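What follows is the content of upload.cif, which has mmCIF, C-alpha atoms:
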```cif
data_upload
loop_
_atom_site.label_atom_id
_atom_site.label_comp_id
_atom_site.auth_asym_id
_atom_site.auth_seq_id
_atom_site.Cartn_x
_atom_site.Cartn_y
_atom_site.Cartn_z
CA MET A 17 -42.91 -8.95 -45.68
CA GLY A 18 -45.22 -6.62 -47.64
CA VAL A 19 -43.44 -4.18 -49.95
CA THR A 20 -40.68 -5.62 -52.10
CA GLY A 21 -37.69 -3.84 -53.58
CA PRO A 22 -36.69 -3.57 -57.21
CA PRO A 23 -36.48 -6.88 -59.13
CA GLU A 24 -33.28 -8.81 -58.55
CA PRO A 25 -30.97 -9.48 -61.51
CA VAL A 26 -31.54 -12.99 -62.83
CA MET A 27 -28.98 -15.41 -61.47
CA ASP A 28 -26.98 -17.59 -63.83
CA ARG A 29 -26.59 -21.33 -63.41
CA ASP A 30 -23.29 -21.08 -61.51
CA GLU A 31 -24.71 -18.58 -59.06
CA VAL A 32 -27.74 -20.80 -58.52
CA ASP A 33 -25.60 -23.87 -57.89
CA ARG A 34 -23.38 -21.99 -55.45
CA ALA A 35 -26.42 -20.58 -53.62
CA LEU A 36 -28.05 -24.00 -53.39
CA ALA A 37 -24.86 -25.53 -52.00
CA ARG A 38 -24.56 -22.77 -49.39
CA LEU A 39 -28.23 -22.97 -48.45
CA GLY A 40 -28.01 -26.76 -48.21
CA ALA A 41 -25.13 -26.54 -45.74
CA GLU A 42 -26.96 -23.83 -43.84
CA HIS A 43 -30.11 -25.96 -43.74
CA GLU A 44 -28.17 -28.88 -42.31
CA ALA A 45 -26.56 -26.69 -39.63
CA ILE A 46 -29.91 -25.18 -38.64
CA GLU A 47 -31.53 -28.61 -38.44
CA THR A 48 -28.68 -29.91 -36.27
CA SER A 49 -29.02 -26.92 -33.94
CA LEU A 50 -32.79 -27.27 -33.67
CA LEU A 51 -32.55 -30.97 -32.91
CA ALA A 52 -29.91 -30.29 -30.26
CA LEU A 53 -32.19 -27.66 -28.71
CA GLN A 54 -35.12 -30.06 -28.86
CA ASP A 55 -33.11 -32.74 -27.05
CA HIS A 56 -31.46 -30.36 -24.57
CA ALA A 57 -31.82 -31.62 -21.00
CA GLY A 58 -32.72 -28.15 -19.80
CA ARG A 59 -35.57 -27.86 -22.29
CA ARG A 60 -36.99 -31.24 -21.26
CA LEU A 61 -36.82 -30.18 -17.61
CA LEU A 62 -38.54 -26.90 -18.37
CA GLU A 63 -41.35 -28.72 -20.16
CA GLY A 64 -42.09 -30.92 -17.16
CA ALA A 65 -41.46 -28.44 -14.32
CA GLU A 66 -44.01 -26.43 -12.35
CA LEU A 67 -42.51 -23.03 -12.99
CA THR A 68 -43.10 -19.72 -11.28
CA GLY A 69 -42.00 -16.11 -11.54
CA THR A 70 -39.48 -14.99 -14.12
CA THR A 71 -38.79 -18.49 -15.40
CA LYS A 72 -42.47 -19.15 -16.06
CA GLU A 73 -42.81 -15.95 -18.08
CA ARG A 74 -39.62 -16.47 -20.08
CA TRP A 75 -40.30 -20.14 -20.74
CA SER A 76 -43.73 -19.28 -22.13
CA THR A 77 -42.03 -17.01 -24.66
CA ALA A 78 -39.16 -19.43 -25.34
CA ASP A 79 -41.48 -22.39 -25.82
CA ALA A 80 -43.51 -20.38 -28.33
CA SER A 81 -40.29 -19.30 -30.04
CA ILE A 82 -39.16 -22.93 -30.39
CA THR A 83 -42.51 -23.85 -31.91
CA LEU A 84 -42.21 -20.93 -34.33
CA LEU A 85 -38.64 -21.93 -35.12
CA TRP A 86 -39.84 -25.26 -36.45
CA ALA A 87 -42.54 -23.53 -38.50
CA TYR A 88 -39.95 -21.23 -40.02
CA PHE A 89 -37.63 -24.15 -40.59
CA ASP A 90 -40.39 -26.07 -42.40
CA ALA A 91 -40.98 -23.06 -44.66
CA TYR A 92 -37.25 -22.79 -45.26
CA THR A 93 -37.11 -26.52 -46.09
CA ASP A 94 -40.03 -26.25 -48.51
CA ALA A 95 -38.42 -23.30 -50.31
CA LEU A 96 -35.11 -25.09 -50.58
CA ARG A 97 -36.82 -28.27 -51.86
CA SER A 98 -38.74 -26.26 -54.47
CA ALA A 99 -35.53 -24.60 -55.64
CA ARG A 100 -33.79 -27.95 -55.92
CA ASP A 101 -36.73 -29.40 -57.86
CA ILE A 102 -36.63 -26.56 -60.38
CA ARG A 103 -32.88 -26.87 -60.76
CA SER A 104 -33.08 -30.63 -61.28
CA ARG A 105 -35.56 -30.43 -64.19
CA ARG A 106 -32.81 -30.11 -66.73
CA ARG A 107 -29.06 -29.97 -66.77
CA TRP A 108 -29.00 -26.55 -68.38
CA SER A 109 -31.75 -24.48 -66.77
CA SER A 110 -33.84 -22.30 -69.03
CA ARG A 111 -34.27 -18.58 -68.48
CA GLU A 112 -37.74 -19.17 -67.06
CA ASP A 113 -36.25 -21.63 -64.57
CA LEU A 114 -33.52 -19.13 -63.64
CA VAL A 115 -36.11 -16.40 -63.09
CA ASP A 116 -38.09 -18.71 -60.78
CA LEU A 117 -34.91 -19.72 -58.95
CA THR A 118 -33.86 -16.10 -58.51
CA GLU A 119 -37.25 -15.29 -57.01
CA LEU A 120 -37.02 -18.28 -54.64
CA LEU A 121 -33.43 -17.74 -53.60
CA ARG A 122 -33.33 -13.94 -53.43
CA GLY A 123 -36.89 -12.70 -53.37
CA ALA A 124 -39.31 -12.37 -50.48
CA GLY A 125 -41.48 -15.18 -51.68
CA ILE A 126 -41.52 -17.45 -48.62
CA THR A 127 -44.87 -17.19 -46.84
CA VAL A 128 -45.53 -18.22 -43.23
CA ALA A 129 -49.18 -18.28 -42.24
CA GLY A 130 -50.14 -15.78 -39.54
CA SER A 131 -52.10 -18.49 -37.71
CA THR A 132 -48.82 -20.33 -37.14
CA THR A 133 -47.21 -17.26 -35.56
CA ALA A 134 -50.26 -16.52 -33.44
CA ALA A 135 -50.56 -20.12 -32.26
CA ALA A 136 -46.90 -20.03 -31.22
CA ASN A 137 -47.51 -16.87 -29.17
CA ALA A 138 -44.23 -15.48 -30.45
CA PRO A 139 -43.44 -11.94 -31.62
CA THR A 140 -43.37 -11.32 -35.36
CA LEU A 141 -40.91 -9.26 -37.32
CA THR A 142 -43.41 -6.48 -37.72
CA GLY A 143 -44.48 -6.64 -34.08
CA SER A 144 -48.19 -7.16 -34.91
CA SER A 145 -50.38 -10.12 -35.73
CA ARG A 146 -50.97 -10.57 -39.47
CA LEU A 147 -52.66 -13.09 -41.72
CA SER A 148 -49.24 -14.11 -43.03
CA GLU A 149 -45.61 -13.08 -43.13
CA ARG A 150 -43.39 -13.07 -46.17
CA PHE A 151 -39.63 -13.54 -45.99
CA SER A 152 -36.62 -13.91 -48.13
CA LEU A 153 -34.39 -16.85 -47.29
CA VAL A 154 -31.80 -14.46 -45.82
CA ALA A 155 -34.38 -12.69 -43.65
CA LEU A 156 -35.86 -16.02 -42.58
CA VAL A 157 -32.43 -17.29 -41.48
CA GLU A 158 -31.80 -14.08 -39.54
CA ARG A 159 -35.18 -14.44 -37.85
CA MET A 160 -34.47 -18.07 -36.92
CA ASN A 161 -31.07 -17.08 -35.55
CA GLU A 162 -32.68 -14.46 -33.30
CA LEU A 163 -35.30 -16.85 -31.94
CA TYR A 164 -32.78 -19.64 -31.53
CA ALA A 165 -30.32 -17.43 -29.58
CA SER A 166 -32.97 -16.11 -27.20
CA SER A 167 -34.48 -19.58 -26.64
CA LEU A 168 -31.11 -21.25 -26.14
CA ASP A 169 -30.03 -18.51 -23.73
CA MET A 170 -33.06 -19.13 -21.57
CA VAL A 171 -32.71 -22.93 -21.68
CA VAL A 172 -28.97 -22.91 -20.95
CA ALA A 173 -29.37 -20.45 -18.06
CA ALA A 174 -32.09 -22.50 -16.39
CA ASP A 175 -30.14 -25.72 -16.91
CA ALA A 176 -26.97 -24.18 -15.47
CA VAL A 177 -28.78 -23.10 -12.30
CA TRP A 178 -30.47 -26.49 -11.93
CA SER A 179 -27.14 -28.25 -12.47
CA ALA A 180 -25.31 -26.16 -9.89
CA LEU A 181 -27.53 -25.06 -7.03
CA PRO A 182 -29.91 -27.91 -6.05
CA ALA A 183 -27.06 -30.42 -5.70
CA ARG A 184 -25.02 -27.98 -3.62
CA ILE A 185 -28.05 -27.17 -1.49
CA ASP A 186 -28.67 -30.88 -0.91
CA LEU A 187 -25.06 -31.42 0.16
CA LEU A 188 -25.25 -28.46 2.53
CA ALA A 189 -28.57 -29.74 3.88
CA ALA A 190 -26.98 -33.14 4.58
CA GLU A 191 -24.13 -31.41 6.41
CA LEU A 192 -26.71 -29.32 8.25
CA GLN A 193 -28.51 -32.47 9.39
CA ARG A 194 -25.28 -33.97 10.75
CA THR A 195 -24.51 -30.71 12.51
CA ARG A 196 -27.97 -30.60 14.07
CA GLN A 197 -27.57 -34.14 15.43
CA LEU A 198 -24.17 -33.26 16.89
CA ALA A 199 -25.56 -30.02 18.34
CA HIS A 200 -28.42 -31.90 19.98
CA SER A 201 -25.98 -34.34 21.57
CA VAL A 202 -24.15 -31.51 23.35
CA GLY A 203 -27.29 -29.63 24.36
CA VAL A 204 -27.28 -26.97 21.65
CA ARG A 205 -31.00 -26.64 21.01
CA PRO A 206 -33.30 -23.92 19.69
CA GLY A 207 -34.42 -21.58 22.42
CA GLU A 208 -31.54 -22.63 24.66
CA HIS A 209 -28.47 -21.63 22.67
CA PRO A 210 -27.97 -19.04 19.88
CA ALA A 211 -26.32 -21.68 17.68
CA GLY A 212 -29.46 -23.82 17.95
CA ASP A 213 -31.57 -20.89 16.76
CA ASP A 214 -29.14 -20.35 13.88
CA LEU A 215 -29.48 -23.98 12.82
CA GLU A 216 -33.27 -23.67 12.69
CA ARG A 217 -33.04 -20.49 10.62
CA ILE A 218 -30.53 -22.06 8.19
CA THR A 219 -32.81 -25.11 7.82
CA ARG A 220 -35.79 -22.93 6.90
CA THR A 221 -33.74 -20.79 4.52
CA LEU A 222 -32.26 -23.77 2.66
CA SER A 223 -35.67 -25.42 2.30
CA THR A 224 -37.17 -22.23 0.87
CA LEU A 225 -34.13 -21.65 -1.34
CA ARG A 226 -34.36 -25.10 -2.90
CA GLN A 227 -38.04 -24.69 -3.68
CA GLN A 228 -37.37 -21.33 -5.32
CA VAL A 229 -34.42 -22.64 -7.32
CA VAL A 230 -36.45 -25.59 -8.64
CA SER A 231 -39.49 -23.52 -9.63
CA ASP A 232 -37.78 -20.28 -10.71
CA PRO A 233 -34.14 -20.96 -11.66
CA LEU A 234 -33.77 -17.75 -13.67
CA ALA A 235 -34.27 -15.75 -10.47
CA PHE A 236 -30.86 -17.10 -9.50
CA TRP A 237 -29.06 -16.36 -12.75
CA ALA A 238 -26.52 -13.52 -13.05
CA PRO A 239 -25.96 -12.64 -16.73
CA ALA A 240 -22.43 -11.76 -17.73
CA LYS A 241 -22.01 -8.05 -18.40
CA GLY A 242 -21.26 -7.25 -22.00
CA SER A 243 -21.74 -10.86 -23.17
CA SER A 244 -24.20 -11.63 -25.98
CA ALA A 245 -23.44 -15.35 -26.18
CA PRO A 246 -26.32 -17.69 -25.22
CA GLY A 247 -25.95 -18.76 -21.62
CA GLY A 248 -23.40 -16.06 -20.83
CA GLY A 249 -23.39 -15.69 -17.05
CA ARG A 250 -23.29 -17.78 -13.92
CA PRO A 251 -25.64 -19.04 -11.18
CA ASP A 252 -26.16 -16.49 -8.41
CA THR A 253 -25.08 -18.29 -5.22
CA THR A 254 -25.27 -15.30 -2.87
CA THR A 255 -27.94 -16.76 -0.57
CA TYR A 256 -26.36 -20.23 -0.63
CA ASP A 257 -22.90 -18.83 0.20
CA ARG A 258 -24.29 -16.79 3.09
CA GLU A 259 -25.98 -19.80 4.64
CA ALA A 260 -22.88 -21.96 4.08
CA ARG A 261 -20.82 -19.41 6.02
CA ALA A 262 -23.44 -19.30 8.76
CA LEU A 263 -23.35 -23.08 9.07
CA GLU A 264 -19.56 -22.99 9.28
CA ASP A 265 -19.82 -20.49 12.15
CA VAL A 266 -22.26 -22.79 13.94
CA ARG A 267 -19.91 -25.75 13.44
CA ARG A 268 -17.08 -23.78 15.03
CA GLU A 269 -19.35 -22.92 17.96
CA ILE A 270 -20.27 -26.58 18.42
CA ASP A 271 -16.61 -27.57 18.15
CA ALA A 272 -15.92 -25.14 20.97
CA VAL A 273 -18.65 -26.80 23.04
CA LEU A 274 -17.16 -30.23 22.29
CA THR A 275 -13.75 -28.97 23.35
CA VAL A 276 -15.29 -27.76 26.59
CA ARG A 277 -16.74 -31.21 27.20
CA GLN A 278 -13.34 -32.81 26.71
CA ASP A 279 -11.26 -30.54 28.96
CA ALA A 280 -13.89 -29.02 31.26
CA GLU A 281 -12.43 -30.59 34.43
CA THR A 282 -8.91 -29.40 33.63
CA ARG A 283 -10.12 -25.87 33.00
CA LEU A 284 -12.16 -25.86 36.20
CA VAL A 285 -9.12 -27.00 38.20
CA ARG A 286 -7.03 -24.29 36.56
CA LEU A 287 -9.68 -21.70 37.38
CA ARG A 288 -9.79 -22.76 41.03
CA ASP A 289 -6.01 -22.47 41.18
CA VAL A 290 -5.98 -18.97 39.67
CA LEU A 291 -8.70 -17.73 42.01
CA SER A 292 -6.94 -19.37 44.95
CA ARG A 293 -3.69 -17.60 44.08
CA ALA A 294 -5.60 -14.33 43.78
CA ASP A 295 -7.12 -14.90 47.25
CA ARG A 296 -3.72 -15.72 48.78
CA THR A 297 -2.21 -12.64 47.17
CA LEU A 298 -5.00 -10.45 48.55
CA ALA A 299 -4.53 -12.03 51.98
CA GLU A 300 -0.80 -11.29 51.77
CA ALA A 301 -1.60 -7.72 50.75
CA ARG A 302 -3.92 -7.29 53.75
CA SER A 303 -1.25 -8.67 56.09
CA ALA A 304 1.38 -6.43 54.50
CA ARG A 305 -0.88 -3.43 54.90
CA GLY A 306 -1.07 -4.00 58.65
CA GLU A 307 2.71 -4.30 58.76
CA VAL A 308 3.15 -1.11 56.74
CA LEU A 309 0.75 0.82 58.96
CA ALA A 310 2.70 -0.36 62.02
CA LYS A 311 6.21 0.26 60.66
CA ILE A 312 5.88 3.20 58.29
CA ALA A 313 4.73 6.61 59.45
CA ALA A 314 3.13 9.38 57.37
CA SER A 315 2.41 7.11 54.41
CA GLU A 316 -0.77 6.67 52.36
CA VAL A 317 -1.47 2.95 52.23
CA PRO A 318 -4.30 1.89 49.85
CA ALA A 319 -7.07 -0.32 51.19
CA VAL A 320 -7.21 -3.97 50.12
CA SER A 321 -10.53 -5.42 48.94
CA GLY A 322 -11.80 -8.84 49.91
CA PRO A 323 -11.95 -11.90 47.65
CA PRO A 324 -14.49 -11.69 44.76
CA THR A 325 -17.48 -13.72 45.91
CA VAL A 326 -19.20 -13.31 42.52
CA LEU A 327 -16.45 -15.24 40.76
CA GLN A 328 -16.65 -18.02 43.33
CA GLU A 329 -20.39 -18.25 42.78
CA GLN A 330 -19.90 -18.38 39.00
CA LEU A 331 -17.26 -21.08 39.47
CA ALA A 332 -19.74 -23.11 41.48
CA THR A 333 -22.32 -22.61 38.71
CA ALA A 334 -19.77 -23.83 36.14
CA ALA A 335 -19.14 -26.96 38.18
CA GLU A 336 -22.90 -27.52 38.33
CA TYR A 337 -23.17 -27.20 34.54
CA ARG A 338 -20.44 -29.81 34.16
CA ARG A 339 -22.14 -32.25 36.48
CA HIS A 340 -25.36 -31.97 34.46
CA ALA A 341 -23.57 -32.06 31.05
CA GLN A 342 -24.87 -28.62 30.10
CA TRP A 343 -21.90 -28.02 27.82
CA HIS A 344 -23.54 -25.29 25.75
CA ARG A 345 -23.94 -23.19 28.91
CA LEU A 346 -20.59 -24.15 30.35
CA SER A 347 -18.64 -23.06 27.25
CA PRO A 348 -19.33 -19.28 27.39
CA LEU A 349 -19.22 -19.25 31.18
CA LEU A 350 -15.76 -20.84 31.26
CA GLU A 351 -14.42 -18.39 28.70
CA ALA A 352 -15.73 -15.43 30.70
CA LEU A 353 -14.48 -16.88 33.99
CA GLU A 354 -10.98 -17.52 32.65
CA GLU A 355 -10.65 -13.92 31.56
CA LYS A 356 -12.07 -12.56 34.81
CA ALA A 357 -9.88 -14.85 36.93
CA GLU A 358 -6.70 -13.67 35.21
CA ASP A 359 -7.82 -10.07 35.69
CA GLU A 360 -8.50 -10.75 39.36
CA LEU A 361 -5.05 -12.27 39.88
CA LEU A 362 -3.46 -9.29 38.17
CA ARG A 363 -5.48 -6.92 40.36
CA ALA A 364 -4.42 -8.77 43.50
CA ARG A 365 -0.74 -8.56 42.52
CA GLU A 366 -1.08 -4.86 41.76
CA SER A 367 -2.74 -4.35 45.14
CA LEU A 368 0.12 -6.19 46.90
CA THR A 369 2.68 -4.09 45.04
CA ALA A 370 0.92 -0.86 45.96
CA VAL A 371 0.59 -1.84 49.62
CA THR A 372 4.21 -2.94 50.02
CA GLN A 373 5.62 0.05 48.16
CA PRO A 374 6.62 1.89 51.40
CA LEU A 375 8.46 -1.22 52.66
CA ALA A 376 10.23 -1.45 49.31
CA VAL A 377 11.26 2.20 49.59
CA ARG A 378 12.58 1.59 53.13
CA ALA A 379 14.49 -1.47 51.95
CA GLU A 380 16.00 0.53 49.10
CA LEU A 381 17.10 3.27 51.52
CA ARG A 382 18.63 0.69 53.87
CA GLY A 383 20.49 -0.91 50.98
CA ARG A 384 21.79 2.44 49.79
CA LEU A 385 22.94 3.38 53.29
CA ASP A 386 24.84 0.10 53.76
CA ALA A 387 26.33 0.34 50.27
CA TYR A 388 27.83 3.75 51.00
CA LYS A 389 29.08 2.55 54.39
CA ALA A 390 30.91 -0.33 52.67
CA LYS A 391 32.34 2.06 50.10
CA VAL A 392 33.59 4.38 52.82
CA ALA A 393 35.17 1.43 54.65
CA ARG A 394 37.05 0.37 51.50
CA HIS A 395 38.68 3.80 51.42
CA GLY A 396 39.70 3.64 55.09
CA LEU A 397 37.22 6.22 56.33
CA ALA A 398 34.97 3.92 58.37
CA GLU A 399 36.12 5.48 61.66
CA ASP A 400 35.49 9.05 60.58
CA PRO A 401 33.45 10.59 63.44
CA PHE A 402 31.46 12.85 61.13
CA LEU A 403 30.43 9.98 58.93
CA ILE A 404 29.69 7.76 61.91
CA GLU A 405 27.40 10.42 63.30
CA ARG A 406 25.53 10.81 60.02
CA TYR A 407 25.32 7.04 59.53
CA ASP A 408 23.95 6.40 63.04
CA ALA A 409 21.31 9.11 62.56
CA ALA A 410 20.10 7.62 59.28
CA ARG A 411 20.19 4.07 60.65
CA ARG A 412 18.11 4.95 63.70
CA MET A 413 15.45 6.44 61.50
CA LEU A 414 15.38 3.49 59.08
CA TRP A 415 15.32 0.78 61.74
CA SER A 416 12.84 2.46 64.06
CA ALA A 417 9.10 1.88 64.01
CA PRO A 418 7.18 3.66 62.76
CA CYS A 419 9.63 4.91 60.19
CA ASP A 420 9.17 8.33 58.64
CA LEU A 421 10.34 7.67 55.10
CA ARG A 422 10.65 11.33 54.15
CA VAL A 423 12.87 12.16 57.12
CA ALA A 424 14.81 8.90 56.74
CA GLU A 425 15.49 9.61 53.08
CA GLU A 426 16.82 13.06 53.94
CA ALA A 427 19.13 11.49 56.55
CA VAL A 428 20.42 8.97 54.00
CA LEU A 429 21.03 11.78 51.51
CA ARG A 430 22.99 13.74 54.14
CA TYR A 431 25.19 10.71 54.83
CA GLN A 432 25.58 10.12 51.11
CA ARG A 433 26.65 13.70 50.46
CA ALA A 434 29.11 13.63 53.37
CA ALA A 435 30.66 10.42 52.07
CA VAL A 436 30.93 11.85 48.55
CA ASP A 437 32.63 14.95 49.91
CA LEU A 438 35.26 12.86 51.71
CA LEU A 439 35.81 10.50 48.81
CA SER A 440 36.11 13.18 46.13
CA PRO A 441 39.67 14.43 45.26
CA ARG A 442 40.41 17.78 46.85
CA VAL A 443 41.35 20.20 44.05
CA PRO A 444 40.41 23.68 45.37
CA GLU A 445 41.82 25.56 42.37
CA GLN A 446 39.38 23.65 40.13
CA GLY A 447 36.39 24.37 42.33
CA GLY A 448 36.49 21.05 44.14
CA PRO A 449 35.15 20.59 47.68
CA THR A 450 37.31 21.74 50.57
CA ASP A 451 38.07 19.79 53.75
CA ARG A 452 36.00 21.27 56.58
CA ARG A 453 38.01 19.49 59.36
CA GLY A 454 41.49 21.04 58.97
CA PRO A 455 44.83 19.78 57.66
CA HIS A 456 45.05 16.76 59.98
CA ALA A 457 41.89 15.07 58.82
#
```
Any chance you could give the structure as structure tokens?
Amino acid sequence: MGVTGPPEPVMDRDEVDRALARLGAEHEAIETSLLALQDHAGRRLLEGAELTGTTKERWSTADASITLLWAYFDAYTDALRSARDIRSRRRWSSREDLVDLTELLRGAGITVAGSTTAAANAPTLTGSSRLSERFSLVALVERMNELYASSLDMVVAADAVWSALPARIDLLAAELQRTRQLAHSVGVRPGEHPAGDDLERITRTLSTLRQQVVSDPLAFWAPAKGSSAPGGGRPDTTTYDREARALEDVRREIDAVLTVRQDAETRLVRLRDVLSRADRTLAEARSARGEVLAKIAASEVPAVSGPPTVLQEQLATAAEYRRHAQWHRLSPLLEALEEKAEDELLRARESLTAVTQPLAVRAELRGRLDAYKAKVARHGLAEDPFLIERYDAARRMLWSAPCDLRVAEEAVLRYQRAAVDLLSPRVPEQGGPTDRRGPHA
């Protein structure tokens, strides 16, 4: 370590014994940790793997650091053994022994050859290659802790990715294979159905992903923010999760195709029925339009379109798909046809309602006229000449063909007002209606 500080005070025997006990426990802990790192499954995998990218670069540094760790540990062991040998010479150590022990235990007298550091390809404390490095035991332990933490972090991260992602990818690939076989059985193939293209893309992506995970696991490691603990983080499963969701979407699409295969005939029958009802409704609307034009005068009657030949052609195509078991084509066609058929039936009903609106208005006027006639009869005014005249005028207009609805409505309103006038209590002083036919009415 180059320049040394002022000489340390000479330790007494008790201080030496306490330091040796502490350093012995520390030595045992370091050895246990290094052996655990040496036997770590992730390290053994890294040694035998063909690495690429970030993992290759970091493993080169970590492997060198592990080699250097053992070199440092050997130097630490030698220093501790030397100190123990000096202390064991005599029960009561001499001052010369205590001076030597103080230098060993507190001084920067531990030398590590520069060739060892260079051969390990690991960074030194000073950041440059030297013939040798000198450490105190405390500095050497700190250096070993740094190298151990960085090496363990790399090994644990790679092992965590290898433990998590390849197995999950293999399971998803097996599910993908089953899905592809099922898709092929119902005609969902690449180039013929979007789901088939998706399956091919997912297959390629998973194959590439597995290769990348095996050769460069650290590219799929997300370190935990703010964590300094070795192995702090989690495997990055973004690509895997995306492809898993895509496969789930494809499975739902294939399930829909399977459902079509199971109930295709029922849906086709239902479609024929809906389109048939729409055709009958349009036919009824056309017939009603002729009736309206013959019976109602001065009325705008909307035209009625013919049956939709395009839907009938698509229905025939759907039946053809079913006969040839082209379920992947039948599925979207049936969905579109079902929506269009319901819209067509709704349009036909709206057309019938619009066409028959004048007849409905005439029926409402007839009902209103008869209702007021019955009300007048209940009050004993059925034989009133004025009312009879107004009633007959309105009735002739409503039951004649063609019927002018505007004129007929005015006639009904005149009869209605006349009836109301007769039925209302006569209270002239309160502004009520007066009797226009004299006192003997």
### Task
Choose the residue, out of A:Leu263, A:Lys311, A:Leu421, A:Glu426, that has the smallest atom-to-atom separation from Glu216 of chain A; count all atoms listed in the file.
A:Leu263
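With the shown file loaded, the PyMOL selection byres ((chain A and resi 356) around 12) picks out Leu287, Val290, Leu291, Ala294, Pro324, Val326, Leu327, Gln328, Gln330, Leu331, Leu349, Leu350, Glu351, Ala352, Leu353, Glu354, Glu355, Ala357, Glu358, Asp359, Glu360, Leu361, Leu362 and Arg363 of chain A.
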### Task
Excluding Val273 of chain A and residues on its chain fewer than 4 positions from it, collect all residues at most 12 Å away from it, counting all atoms listed in the file, and give them as a PyMOL selection string.
chain A and resi 198-204+209+211+266-269+277-280+338+341-351
### Distance query Ala235 of chain A at most 8 Å, all atoms listed in the file, self and fewer than 2 positions along chain excluded, as a list in words
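Near Ala235 of chain A, the qualifying residues are Gly69, Thr70, Thr71, Val229, Asp232, Pro233 and Trp237 of chain A.
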#### Entry: Non-local contacts of segment 301-304 of chain A (7 Å; all atoms listed in the file; under 6 positions in same chain excluded) as number ranges by chain
A: 320, 367-368, 371-372
### Message
At a cut-off of 12 Å, using only C-alpha atoms, what residues contact Glu63 of chain A? Leave out same-chain residues fewer than 6 positions from it and give the result as a PyMOL selection string.
### Response
chain A and resi 54-57+71-72+75-76+78-80+82+171+174+231
### Query
So what do you get for atom CA of Glu149 of chain A versus atom CA of Ala129 of chain A, distance-wise?
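Atom-to-atom, atom CA of Glu149 of chain A and atom CA of Ala129 of chain A are spaced 6.4 Å apart.
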## Note on the structure
atom CA of Thr195 of chain A to atom CA of Gly207 of chain A measures 16.7 Å
### Message
To one decimal place in Å, what is the distance between atom CA of Thr127 of chain A and atom CA of Leu51 of chain A?
### Response
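A separation of 23.1 Å between them.
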### Task
Point out the residue among A:Asp252, A:Glu264, A:Glu42, A:Glu380 with the least atom-to-atom distance to Glu425 of chain A, counting all atoms listed in the file.
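Using all atoms listed in the file, Glu425 of chain A sits closest to A:Glu380.
Closest approach to Arg394 of chain A among A:Ala183, A:Leu429, A:Leu439, A:Ala364: A:Leu439, based on all atoms listed in the file.
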### Message
At a cut-off of 8 Å, using only C-alpha atoms, what residues contact segment 95-101 of chain A? Leave out same-chain residues fewer than 2 positions from it and give the result as a ChimeraX atom specification.
### Response
/A:36,39-40,91-93,103-105,117,120-121,126
### Query
Of the residues A:Thr255, A:Thr77, A:Thr118, A:Asn161, which is the one nearest to Thr224 of chain A, using all atoms listed in the file?
A:Thr255
